[in-house]
file data_6.cif (mmCIF, C-alpha atoms)
data_final
loop_
_atom_site.group_PDB
_atom_site.id
_atom_site.type_symbol
_atom_site.label_atom_id
_atom_site.label_comp_id
_atom_site.auth_asym_id
_atom_site.auth_seq_id
_atom_site.Cartn_x
_atom_site.Cartn_y
_atom_site.Cartn_z
ATOM 1 C CA MET Z 1 -0.513 -1.264 -5.144
ATOM 2 C CA LYS Z 2 -5.659 -5.095 -18.282
ATOM 3 C CA LEU Z 3 -9.021 -5.925 -16.759
ATOM 4 C CA THR Z 4 -12.541 -4.603 -16.690
ATOM 5 C CA PHE Z 5 -12.259 -4.379 -12.896
ATOM 6 C CA LYS Z 6 -9.412 -1.906 -13.237
ATOM 7 C CA ASN Z 7 -11.310 0.268 -15.671
ATOM 8 C CA THR Z 8 -14.429 0.097 -13.514
ATOM 9 C CA ALA Z 9 -12.561 1.057 -10.336
ATOM 10 C CA ILE Z 10 -10.745 3.970 -11.931
ATOM 11 C CA GLY Z 11 -13.856 5.076 -13.792
ATOM 12 C CA LEU Z 12 -15.862 4.963 -10.574
ATOM 13 C CA LEU Z 13 -13.172 6.946 -8.787
ATOM 14 C CA PHE Z 14 -13.157 9.810 -11.272
ATOM 15 C CA PHE Z 15 -16.957 9.708 -11.631
ATOM 16 C CA THR Z 16 -17.181 10.192 -7.868
ATOM 17 C CA ILE Z 17 -14.634 13.017 -7.953
ATOM 18 C CA LYS Z 18 -16.521 14.752 -10.749
ATOM 19 C CA THR Z 19 -20.000 14.453 -9.307
ATOM 20 C CA MET Z 20 -19.408 15.072 -5.586
ATOM 21 C CA SER Z 21 -19.308 18.632 -4.245
ATOM 22 C CA PHE Z 22 -17.908 19.666 -0.907
ATOM 23 C CA SER Z 23 -18.738 22.587 1.351
ATOM 24 C CA GLN Z 24 -16.193 24.892 2.900
ATOM 25 C CA GLU Z 25 -16.267 22.632 5.968
ATOM 26 C CA GLN Z 26 -13.787 20.299 4.237
ATOM 27 C CA GLU Z 27 -11.069 22.767 5.227
ATOM 28 C CA PHE Z 28 -11.449 21.427 8.766
ATOM 29 C CA LEU Z 29 -10.803 17.804 7.798
ATOM 30 C CA ALA Z 30 -7.703 16.077 9.073
ATOM 31 C CA PRO Z 31 -4.749 16.021 6.651
ATOM 32 C CA LEU Z 32 -4.935 13.302 4.002
ATOM 33 C CA ILE Z 33 -2.636 10.494 5.203
ATOM 34 C CA THR Z 34 -2.427 7.334 3.080
ATOM 35 C CA ASP Z 35 -0.941 3.841 3.283
ATOM 36 C CA ARG Z 36 0.596 4.196 -0.170
ATOM 37 C CA PRO Z 37 2.875 4.528 -2.084
ATOM 38 C CA ASP Z 38 5.517 3.196 0.318
ATOM 39 C CA GLN Z 39 5.578 -0.164 2.089
ATOM 40 C CA THR Z 40 5.275 1.498 5.498
ATOM 41 C CA GLU Z 41 1.711 1.520 6.810
ATOM 42 C CA SER Z 42 0.774 4.737 8.634
ATOM 43 C CA ALA Z 43 -0.154 4.763 12.310
ATOM 44 C CA ASN Z 44 -3.233 6.859 11.467
ATOM 45 C CA VAL Z 45 -6.758 5.546 10.960
ATOM 46 C CA VAL Z 46 -9.268 7.262 8.684
ATOM 47 C CA SER Z 47 -11.884 9.408 10.399
ATOM 48 C CA LYS Z 48 -15.151 7.852 11.567
ATOM 49 C CA GLY Z 49 -17.687 7.589 8.753
ATOM 50 C CA THR Z 50 -15.081 8.313 6.054
ATOM 51 C CA PHE Z 51 -14.186 6.159 3.038
ATOM 52 C CA GLN Z 52 -10.688 6.333 1.575
ATOM 53 C CA LEU Z 53 -9.789 4.648 -1.724
ATOM 54 C CA GLU Z 54 -6.098 4.042 -2.504
ATOM 55 C CA THR Z 55 -5.295 2.442 -5.858
ATOM 56 C CA GLY Z 56 -2.559 2.288 -8.471
ATOM 57 C CA THR Z 57 -0.395 0.186 -10.764
ATOM 58 C CA SER Z 58 3.089 -1.278 -10.399
ATOM 59 C CA TYR Z 59 5.742 -2.958 -12.535
ATOM 60 C CA GLU Z 60 8.431 -5.273 -11.130
ATOM 61 C CA THR Z 61 11.250 -7.254 -12.705
ATOM 62 C CA TYR Z 62 13.289 -10.147 -11.308
ATOM 63 C CA LYS Z 63 16.293 -11.688 -13.027
ATOM 64 C CA ASN Z 64 17.918 -15.001 -12.133
ATOM 65 C CA ASN Z 65 20.727 -15.936 -14.502
ATOM 66 C CA ASN Z 66 19.099 -16.046 -17.968
ATOM 67 C CA ILE Z 67 15.505 -15.978 -16.686
ATOM 68 C CA LEU Z 68 13.710 -12.616 -16.516
ATOM 69 C CA THR Z 69 10.322 -12.345 -14.821
ATOM 70 C CA LYS Z 70 8.065 -9.303 -15.220
ATOM 71 C CA ASN Z 71 5.082 -8.694 -12.971
ATOM 72 C CA PHE Z 72 2.396 -6.124 -13.750
ATOM 73 C CA THR Z 73 -0.081 -5.258 -10.988
ATOM 74 C CA TYR Z 74 -2.922 -3.300 -12.523
ATOM 75 C CA ASN Z 75 -4.979 -2.376 -9.502
ATOM 76 C CA THR Z 76 -3.293 -2.306 -6.125
ATOM 77 C CA THR Z 77 -6.595 -1.290 -4.588
ATOM 78 C CA LEU Z 78 -7.209 -0.726 -0.872
ATOM 79 C CA LEU Z 79 -10.506 0.593 0.496
ATOM 80 C CA ARG Z 80 -10.498 1.919 4.067
ATOM 81 C CA TYR Z 81 -13.508 2.886 6.165
ATOM 82 C CA GLY Z 82 -13.512 4.579 9.565
ATOM 83 C CA LEU Z 83 -15.887 2.541 11.702
ATOM 84 C CA LEU Z 84 -14.979 4.273 14.977
ATOM 85 C CA ASP Z 85 -12.816 7.220 15.953
ATOM 86 C CA ASN Z 86 -9.846 4.889 16.455
ATOM 87 C CA PHE Z 87 -10.764 1.850 14.333
ATOM 88 C CA GLU Z 88 -10.948 1.263 10.569
ATOM 89 C CA LEU Z 89 -11.991 -1.606 8.305
ATOM 90 C CA ARG Z 90 -9.840 -2.499 5.282
ATOM 91 C CA ILE Z 91 -10.406 -4.489 2.092
ATOM 92 C CA GLY Z 92 -7.969 -4.889 -0.791
ATOM 93 C CA TRP Z 93 -7.637 -6.824 -4.021
ATOM 94 C CA ASP Z 94 -4.930 -6.851 -6.707
ATOM 95 C CA PHE Z 95 -4.954 -8.119 -10.280
ATOM 96 C CA VAL Z 96 -1.549 -9.402 -11.372
ATOM 97 C CA GLU Z 97 -0.039 -10.549 -14.655
ATOM 98 C CA GLY Z 98 3.327 -12.276 -14.888
ATOM 99 C CA LYS Z 99 5.479 -12.827 -17.969
ATOM 100 C CA THR Z 100 8.760 -14.740 -18.340
ATOM 101 C CA LYS Z 101 11.700 -14.397 -20.721
ATOM 102 C CA ILE Z 102 14.392 -17.051 -21.117
ATOM 103 C CA ASN Z 103 17.516 -15.987 -23.029
ATOM 104 C CA ASN Z 104 15.613 -12.839 -24.114
ATOM 105 C CA GLN Z 105 12.864 -14.964 -25.654
ATOM 106 C CA THR Z 106 9.341 -14.466 -24.330
ATOM 107 C CA THR Z 107 7.675 -17.730 -23.320
ATOM 108 C CA ASN Z 108 4.007 -18.645 -23.672
ATOM 109 C CA ASN Z 109 3.800 -19.142 -19.932
ATOM 110 C CA VAL Z 110 1.781 -16.069 -18.875
ATOM 111 C CA SER Z 111 0.104 -16.066 -15.476
ATOM 112 C CA SER Z 112 -2.723 -13.688 -14.625
ATOM 113 C CA GLY Z 113 -5.498 -13.302 -12.114
ATOM 114 C CA PHE Z 114 -6.510 -11.862 -8.802
ATOM 115 C CA SER Z 115 -4.334 -12.298 -5.756
ATOM 116 C CA PRO Z 116 -6.107 -13.356 -2.523
ATOM 117 C CA LEU Z 117 -8.589 -10.804 -1.197
ATOM 118 C CA LEU Z 118 -7.325 -8.876 1.820
ATOM 119 C CA LEU Z 119 -9.592 -8.276 4.806
ATOM 120 C CA GLY Z 120 -8.188 -6.262 7.645
ATOM 121 C CA VAL Z 121 -8.488 -3.796 10.485
ATOM 122 C CA LYS Z 122 -6.365 -1.000 11.905
ATOM 123 C CA THR Z 123 -6.642 0.544 15.345
ATOM 124 C CA SER Z 124 -4.912 3.403 17.131
ATOM 125 C CA ILE Z 125 -3.102 2.393 20.306
ATOM 126 C CA ALA Z 126 -1.306 5.552 21.462
ATOM 127 C CA LYS Z 127 -0.956 9.191 20.468
ATOM 128 C CA GLU Z 128 2.431 10.806 19.941
ATOM 129 C CA ASN Z 129 3.766 12.287 23.169
ATOM 130 C CA GLY Z 130 7.193 13.914 23.059
ATOM 131 C CA TRP Z 131 9.760 11.299 22.086
ATOM 132 C CA LEU Z 132 7.122 8.548 22.350
ATOM 133 C CA PRO Z 133 5.729 7.711 18.873
ATOM 134 C CA LYS Z 134 2.177 7.464 17.661
ATOM 135 C CA ILE Z 135 1.316 3.743 17.535
ATOM 136 C CA GLY Z 136 -1.174 1.749 15.510
ATOM 137 C CA LEU Z 137 -1.846 -1.970 15.090
ATOM 138 C CA ILE Z 138 -2.829 -3.551 11.764
ATOM 139 C CA GLY Z 139 -4.077 -7.065 11.059
ATOM 140 C CA HIS Z 140 -4.721 -8.629 7.641
ATOM 141 C CA LEU Z 141 -6.262 -11.922 6.508
ATOM 142 C CA TYR Z 142 -5.756 -13.162 2.919
ATOM 143 C CA LEU Z 143 -8.501 -15.455 1.599
ATOM 144 C CA PRO Z 144 -7.242 -18.089 -0.892
ATOM 145 C CA PHE Z 145 -10.655 -18.941 -2.413
ATOM 146 C CA THR Z 146 -10.912 -15.385 -3.782
ATOM 147 C CA ALA Z 147 -7.719 -15.686 -5.859
ATOM 148 C CA GLY Z 148 -7.308 -16.654 -9.501
ATOM 149 C CA SER Z 149 -5.978 -20.136 -10.226
ATOM 150 C CA ASP Z 150 -2.485 -18.830 -11.065
ATOM 151 C CA TYR Z 151 -2.144 -17.096 -7.691
ATOM 152 C CA LYS Z 152 -4.273 -19.291 -5.456
ATOM 153 C CA PRO Z 153 -2.562 -20.666 -2.333
ATOM 154 C CA GLU Z 154 -3.962 -23.630 -0.460
ATOM 155 C CA THR Z 155 -4.015 -21.943 2.926
ATOM 156 C CA SER Z 156 -5.030 -18.531 4.250
ATOM 157 C CA GLY Z 157 -2.374 -15.895 4.840
ATOM 158 C CA ILE Z 158 -2.108 -13.818 8.015
ATOM 159 C CA GLU Z 159 -0.174 -10.640 8.724
ATOM 160 C CA PHE Z 160 0.080 -8.198 11.607
ATOM 161 C CA ARG Z 161 2.120 -5.037 12.057
ATOM 162 C CA PHE Z 162 2.739 -2.398 14.657
ATOM 163 C CA ALA Z 163 2.995 1.006 12.984
ATOM 164 C CA PHE Z 164 4.987 3.824 14.613
ATOM 165 C CA ALA Z 165 5.285 7.513 13.654
ATOM 166 C CA HIS Z 166 7.461 10.381 14.898
ATOM 167 C CA THR Z 167 7.105 14.051 13.969
ATOM 168 C CA LEU Z 168 10.655 15.357 13.480
ATOM 169 C CA SER Z 169 9.764 18.890 12.415
ATOM 170 C CA GLU Z 170 6.992 20.841 10.691
ATOM 171 C CA LYS Z 171 8.178 19.394 7.363
ATOM 172 C CA SER Z 172 9.639 15.988 8.210
ATOM 173 C CA SER Z 173 8.608 12.730 9.842
ATOM 174 C CA LEU Z 174 9.885 9.233 10.517
ATOM 175 C CA SER Z 175 7.642 6.150 10.308
ATOM 176 C CA TYR Z 176 8.372 2.461 10.739
ATOM 177 C CA ASN Z 177 6.626 -0.911 10.981
ATOM 178 C CA LEU Z 178 7.468 -4.131 12.808
ATOM 179 C CA GLY Z 179 5.476 -7.317 12.373
ATOM 180 C CA ALA Z 180 5.214 -10.822 10.986
ATOM 181 C CA SER Z 181 3.375 -12.687 8.247
ATOM 182 C CA TRP Z 182 2.467 -16.273 7.407
ATOM 183 C CA GLY Z 183 1.567 -17.169 3.827
ATOM 184 C CA ASN Z 184 2.492 -18.776 0.507
ATOM 185 C CA ASP Z 185 1.518 -22.197 1.938
ATOM 186 C CA SER Z 186 4.499 -22.095 4.275
ATOM 187 C CA PRO Z 187 4.233 -22.722 8.035
ATOM 188 C CA GLU Z 188 7.272 -20.553 8.751
ATOM 189 C CA ALA Z 189 6.896 -16.957 9.853
ATOM 190 C CA SER Z 190 8.485 -14.065 8.025
ATOM 191 C CA TYR Z 191 9.373 -11.127 10.246
ATOM 192 C CA VAL Z 192 8.725 -7.805 8.529
ATOM 193 C CA TYR Z 193 10.323 -4.385 8.993
ATOM 194 C CA THR Z 194 10.041 -1.002 7.263
ATOM 195 C CA ILE Z 195 11.433 2.465 7.943
ATOM 196 C CA ALA Z 196 10.543 5.572 5.940
ATOM 197 C CA TYR Z 197 11.619 9.224 6.119
ATOM 198 C CA GLY Z 198 9.173 11.771 4.723
ATOM 199 C CA TYR Z 199 9.743 15.419 3.868
ATOM 200 C CA SER Z 200 7.316 18.094 2.651
ATOM 201 C CA ILE Z 201 8.885 20.234 -0.065
ATOM 202 C CA THR Z 202 5.784 22.418 -0.300
ATOM 203 C CA GLU Z 203 2.235 22.220 1.043
ATOM 204 C CA LYS Z 204 1.337 20.053 -1.961
ATOM 205 C CA ILE Z 205 4.532 18.124 -2.792
ATOM 206 C CA GLY Z 206 6.055 15.531 -0.495
ATOM 207 C CA THR Z 207 8.957 13.100 -0.887
ATOM 208 C CA TYR Z 208 10.065 9.970 0.926
ATOM 209 C CA ALA Z 209 12.855 7.401 1.065
ATOM 210 C CA GLU Z 210 12.421 3.951 2.585
ATOM 211 C CA LEU Z 211 14.186 0.742 3.577
ATOM 212 C CA TYR Z 212 12.145 -2.426 4.063
ATOM 213 C CA GLY Z 213 12.427 -6.184 4.040
ATOM 214 C CA ASP Z 214 11.746 -9.443 5.830
ATOM 215 C CA PHE Z 215 13.500 -12.206 7.729
ATOM 216 C CA PRO Z 216 12.013 -15.647 6.916
ATOM 217 C CA GLU Z 217 12.662 -18.204 9.643
ATOM 218 C CA ASN Z 218 14.392 -20.732 7.383
ATOM 219 C CA SER Z 219 15.561 -18.573 4.467
ATOM 220 C CA LYS Z 220 17.860 -15.672 3.726
ATOM 221 C CA ALA Z 221 16.721 -12.165 4.577
ATOM 222 C CA ASN Z 222 15.450 -9.829 1.874
ATOM 223 C CA HIS Z 223 16.242 -6.109 1.957
ATOM 224 C CA LEU Z 224 14.908 -3.477 -0.457
ATOM 225 C CA TRP Z 225 14.632 0.286 -0.859
ATOM 226 C CA ASP Z 226 12.344 2.686 -2.651
ATOM 227 C CA ALA Z 227 11.767 6.420 -2.945
ATOM 228 C CA GLY Z 228 9.095 8.624 -4.431
ATOM 229 C CA PHE Z 229 6.880 11.645 -4.151
ATOM 230 C CA THR Z 230 3.272 12.603 -3.569
ATOM 231 C CA TYR Z 231 1.290 15.490 -5.027
ATOM 232 C CA LEU Z 232 -1.791 16.786 -3.237
ATOM 233 C CA ILE Z 233 -4.244 18.013 -5.888
ATOM 234 C CA ASN Z 234 -6.779 19.091 -3.283
ATOM 235 C CA TYR Z 235 -7.623 18.319 0.314
ATOM 236 C CA ASN Z 236 -9.036 14.892 -0.558
ATOM 237 C CA LEU Z 237 -7.103 13.827 -3.671
ATOM 238 C CA GLN Z 238 -3.446 12.804 -3.956
ATOM 239 C CA LEU Z 239 -1.219 11.375 -6.703
ATOM 240 C CA ASP Z 240 1.994 9.410 -6.130
ATOM 241 C CA ALA Z 241 4.937 7.808 -7.940
ATOM 242 C CA THR Z 242 7.685 5.434 -6.756
ATOM 243 C CA VAL Z 243 10.912 3.803 -7.953
ATOM 244 C CA GLY Z 244 12.891 1.120 -6.127
ATOM 245 C CA THR Z 245 14.960 -2.052 -6.215
ATOM 246 C CA SER Z 246 16.359 -4.693 -3.880
ATOM 247 C CA ILE Z 247 19.608 -4.465 -1.923
ATOM 248 C CA THR Z 248 19.956 -8.221 -1.630
ATOM 249 C CA LYS Z 249 19.388 -10.555 -4.583
ATOM 250 C CA GLY Z 250 15.826 -10.362 -5.841
ATOM 251 C CA GLN Z 251 13.828 -7.494 -7.274
ATOM 252 C CA ASP Z 252 15.712 -5.629 -10.017
ATOM 253 C CA LEU Z 253 13.261 -2.794 -10.579
ATOM 254 C CA LEU Z 254 10.054 -1.421 -9.085
ATOM 255 C CA LEU Z 255 7.990 1.313 -10.717
ATOM 256 C CA SER Z 256 4.659 2.393 -9.288
ATOM 257 C CA THR Z 257 2.112 5.154 -9.659
ATOM 258 C CA GLY Z 258 -1.235 5.696 -8.020
ATOM 259 C CA VAL Z 259 -4.003 7.873 -6.659
ATOM 260 C CA SER Z 260 -5.707 8.187 -3.284
ATOM 261 C CA TYR Z 261 -9.127 9.752 -2.765
ATOM 262 C CA ARG Z 262 -11.021 10.461 0.444
ATOM 263 C CA ILE Z 263 -14.826 10.660 0.550
ATOM 264 C CA PRO Z 264 -15.581 12.502 3.802
ATOM 265 C CA LYS Z 265 -18.664 11.857 5.867
ATOM 266 C CA LYS Z 266 -21.592 14.123 5.025
ATOM 267 C CA ASP Z 267 -23.012 15.848 8.066
ATOM 268 C CA ASN Z 268 -26.774 15.743 8.315
#
call {"tool": "encode", "arguments": {"input": "data_6.cif", "output": "structure tokens"}}
result
Amino acid sequence: MKLTFKNTAIGLLFFTIKTMSFSQEQEFLAPLITDRPDQTESANVVSKGTFQLETGTSYETYKNNNILTKNFTYNTTLLRYGLLDNFELRIGWDFVEGKTKINNQTTNNVSSGFSPLLLGVKTSIAKENGWLPKIGLIGHLYLPFTAGSDYKPETSGIEFRFAFAHTLSEKSSLSYNLGASWGNDSPEASYVYTIAYGYSITEKIGTYAELYGDFPENSKANHLWDAGFTYLINYNLQLDATVGTSITKGQDLLLSTGVSYRIPKKDN
């Protein structure tokens, strides 16, 4: 999911981890379920009164004939807060830097800055019941005035997704999203899909493989894949890593790594 903001966010994260202490009651918390590192958003909301910080870095390359574009995202940060038992608030902000090579020669055209701030909500719609999946609904609004000049669109972006989840066994699950987005100063909708299979190798190590993409109304469809793993350091702290690329023409390489940390509600 390079700048003082990055260092501040990561520093704050580890300062919080170091200074907070938890009682034995944390053993009764729900399992740590995150919306990273894959593209598939979970159907779960964070518990009421709980903050969850999910952040990381990513590296992407795109090649078109003799033009190579490299994008570095230094803080793919998402903060989630459980407002109600079935409703969470979401805020996210990324800092991106883009570099271009033409005929293996780096150009002076370097773009950098914040992408539009994300404001969103997620709500639970239905619990899993037999073959019927758990269902959640997510809505995001992207605010153009919060973006840097290199990544500032003229109009606001909107996205919604239905998130579904099936438990296949004690160690495996299947999750998928269906939705649509409007953005990049285009009036056309782009219909979004994802599907991810997850498997727990041990109680701490999990893996996943995923297909995802979109169908713009007036453009060719884009299809991609990625795979990765997660490592649960403790009940509230998880690391992740991902690799991927596109199936259709587009992204040549995706590398990502990150960390997710839950700050549970303190009982009075």
call {"tool": "residues_around", "arguments": {"input": "data_6.cif", "residues": "Glu97 in chain Z", "least_positions_apart": "6", "cutoff": "10 Å", "atoms": "all atoms listed in the file", "output": "VMD selection string"}}
result
chain Z and resid 2 59 70 to 74 110 to 114 150 to 151
call {"tool": "residues_around", "arguments": {"input": "data_6.cif", "residues": "Ala189 in chain Z", "least_positions_apart": "2", "cutoff": "9 Å", "atoms": "only C-alpha atoms", "output": "CSV table (one decimal) with C-alpha atoms, in the coordinates of the input"}}
result
chain,number,residue,atom,x,y,z
Z,180,ALA,CA,5.2,-10.8,11.0
Z,181,SER,CA,3.4,-12.7,8.2
Z,182,TRP,CA,2.5,-16.3,7.4
Z,183,GLY,CA,1.6,-17.2,3.8
Z,186,SER,CA,4.5,-22.1,4.3
Z,187,PRO,CA,4.2,-22.7,8.0
Z,191,TYR,CA,9.4,-11.1,10.2
Z,215,PHE,CA,13.5,-12.2,7.7
Z,216,PRO,CA,12.0,-15.6,6.9
Z,217,GLU,CA,12.7,-18.2,9.6
Z,218,ASN,CA,14.4,-20.7,7.4
call {"tool": "residues_around", "arguments": {"input": "data_6.cif", "residues": "Arg262 in chain Z", "least_positions_apart": "5", "cutoff": "6 Å", "atoms": "only C-alpha atoms", "output": "PyMOL selection string"}}
result
chain Z and resi 51-52+236
call {"tool": "closest_residue", "arguments": {"input": "data_6.cif", "among": "Z:Phe95, Z:Tyr176, Z:Tyr142, Z:Tyr193", "to": "Ser58 in chain Z", "atoms": "all atoms listed in the file"}}
result
Z:Phe95
call {"tool": "atom_distance", "arguments": {"input": "data_6.cif", "atom1": "CA of Thr34 in chain Z", "atom2": "CA of Val46 in chain Z"}}
result
8.8 Å
call {"tool": "atom_distance", "arguments": {"input": "data_6.cif", "atom1": "CA of Leu132 in chain Z", "atom2": "CA of Glu41 in chain Z"}}
result
17.9 Å
call {"tool": "residues_around", "arguments": {"input": "data_6.cif", "residues": "range 224-226 of chain Z", "least_positions_apart": "2", "cutoff": "9 Å", "atoms": "only C-alpha atoms", "output": "PDB file with C-alpha atoms, in the coordinates of the input"}}
result
ATOM      1  CA  ASP Z  38       5.517   3.196   0.318  1.00  0.00           C
ATOM      2  CA  GLN Z  39       5.578  -0.164   2.089  1.00  0.00           C
ATOM      3  CA  TYR Z 208      10.065   9.970   0.926  1.00  0.00           C
ATOM      4  CA  ALA Z 209      12.855   7.401   1.065  1.00  0.00           C
ATOM      5  CA  GLU Z 210      12.421   3.951   2.585  1.00  0.00           C
ATOM      6  CA  LEU Z 211      14.186   0.742   3.577  1.00  0.00           C
ATOM      7  CA  TYR Z 212      12.145  -2.426   4.063  1.00  0.00           C
ATOM      8  CA  GLY Z 213      12.427  -6.184   4.040  1.00  0.00           C
ATOM      9  CA  ASN Z 222      15.450  -9.829   1.874  1.00  0.00           C
ATOM     10  CA  GLY Z 228       9.095   8.624  -4.431  1.00  0.00           C
ATOM     11  CA  THR Z 242       7.685   5.434  -6.756  1.00  0.00           C
ATOM     12  CA  VAL Z 243      10.912   3.803  -7.953  1.00  0.00           C
ATOM     13  CA  GLY Z 244      12.891   1.120  -6.127  1.00  0.00           C
ATOM     14  CA  THR Z 245      14.960  -2.052  -6.215  1.00  0.00           C
ATOM     15  CA  SER Z 246      16.359  -4.693  -3.880  1.00  0.00           C
ATOM     16  CA  ILE Z 247      19.608  -4.465  -1.923  1.00  0.00           C
ATOM     17  CA  THR Z 248      19.956  -8.221  -1.630  1.00  0.00           C
ATOM     18  CA  GLY Z 250      15.826 -10.362  -5.841  1.00  0.00           C
ATOM     19  CA  GLN Z 251      13.828  -7.494  -7.274  1.00  0.00           C
ATOM     20  CA  LEU Z 254      10.054  -1.421  -9.085  1.00  0.00           C
TER      21      LEU Z 254
END
call {"tool": "residues_around", "arguments": {"input": "data_6.cif", "residues": "Arg161 in chain Z", "least_positions_apart": "2", "cutoff": "12 Å", "atoms": "all atoms listed in the file", "output": "PyMOL selection string"}}
result
chain Z and resi 39-43+120-123+135-140+158-159+163-164+176-181+190-194
call {"tool": "resolve_selection", "arguments": {"input": "data_6.cif", "expression": "the PyMOL selection byres ((chain Z and resi 102) around 10)", "output": "PyMOL selection string"}}
result
chain Z and resi 63-69+100-101+103-107
call {"tool": "decode", "arguments": {"input": "data_6.cif", "residues": "range 151-202 of chain Z", "atoms": "C-alpha atoms", "output": "mmCIF file, in the first residue's frame"}}
result
data_model
loop_
_atom_site.group_PDB
_atom_site.id
_atom_site.type_symbol
_atom_site.label_atom_id
_atom_site.label_comp_id
_atom_site.auth_asym_id
_atom_site.auth_seq_id
_atom_site.Cartn_x
_atom_site.Cartn_y
_atom_site.Cartn_z
ATOM 1 C CA TYR Z 151 -1.114 13.361 -8.946
ATOM 2 C CA LYS Z 152 -3.979 15.809 -8.570
ATOM 3 C CA PRO Z 153 -7.130 15.027 -10.579
ATOM 4 C CA GLU Z 154 -9.733 17.671 -11.273
ATOM 5 C CA THR Z 155 -12.663 15.666 -9.963
ATOM 6 C CA SER Z 156 -13.317 13.466 -6.938
ATOM 7 C CA GLY Z 157 -13.044 9.703 -7.276
ATOM 8 C CA ILE Z 158 -15.651 7.256 -5.976
ATOM 9 C CA GLU Z 159 -15.452 3.518 -5.406
ATOM 10 C CA PHE Z 160 -17.698 0.876 -3.883
ATOM 11 C CA ARG Z 161 -17.240 -2.856 -3.420
ATOM 12 C CA PHE Z 162 -19.130 -5.807 -2.069
ATOM 13 C CA ALA Z 163 -16.744 -8.104 -0.203
ATOM 14 C CA PHE Z 164 -17.510 -11.826 0.148
ATOM 15 C CA ALA Z 165 -15.752 -14.527 2.204
ATOM 16 C CA HIS Z 166 -16.114 -18.313 2.423
ATOM 17 C CA THR Z 167 -14.457 -20.595 4.973
ATOM 18 C CA LEU Z 168 -13.330 -23.683 3.039
ATOM 19 C CA SER Z 169 -11.627 -25.495 5.907
ATOM 20 C CA GLU Z 170 -9.821 -24.799 9.180
ATOM 21 C CA LYS Z 171 -6.779 -23.697 7.154
ATOM 22 C CA SER Z 172 -8.184 -22.287 3.916
ATOM 23 C CA SER Z 173 -10.579 -19.601 2.736
ATOM 24 C CA LEU Z 174 -11.855 -17.968 -0.430
ATOM 25 C CA SER Z 175 -12.551 -14.221 -0.672
ATOM 26 C CA TYR Z 176 -13.690 -12.044 -3.552
ATOM 27 C CA ASN Z 177 -14.835 -8.501 -4.333
ATOM 28 C CA LEU Z 178 -17.215 -7.067 -6.920
ATOM 29 C CA GLY Z 179 -17.688 -3.349 -7.435
ATOM 30 C CA ALA Z 180 -17.125 -0.263 -9.540
ATOM 31 C CA SER Z 181 -15.060 2.914 -9.467
ATOM 32 C CA TRP Z 182 -15.113 6.341 -11.095
ATOM 33 C CA GLY Z 183 -11.924 8.404 -11.179
ATOM 34 C CA ASN Z 184 -8.951 9.785 -13.106
ATOM 35 C CA ASP Z 185 -11.181 12.603 -14.444
ATOM 36 C CA SER Z 186 -13.117 10.109 -16.540
ATOM 37 C CA PRO Z 187 -16.930 9.867 -16.513
ATOM 38 C CA GLU Z 188 -16.840 6.180 -17.435
ATOM 39 C CA ALA Z 189 -17.173 3.494 -14.798
ATOM 40 C CA SER Z 190 -14.609 0.773 -14.291
ATOM 41 C CA TYR Z 191 -16.039 -2.481 -12.980
ATOM 42 C CA VAL Z 192 -13.723 -4.138 -10.472
ATOM 43 C CA TYR Z 193 -13.268 -7.788 -9.504
ATOM 44 C CA THR Z 194 -10.889 -9.718 -7.240
ATOM 45 C CA ILE Z 195 -10.655 -13.323 -6.070
ATOM 46 C CA ALA Z 196 -8.133 -14.602 -3.528
ATOM 47 C CA TYR Z 197 -7.407 -18.030 -2.027
ATOM 48 C CA GLY Z 198 -5.756 -18.055 1.392
ATOM 49 C CA TYR Z 199 -4.080 -20.921 3.220
ATOM 50 C CA SER Z 200 -2.575 -21.096 6.717
ATOM 51 C CA ILE Z 201 0.688 -23.039 6.710
ATOM 52 C CA THR Z 202 1.063 -22.653 10.471
#
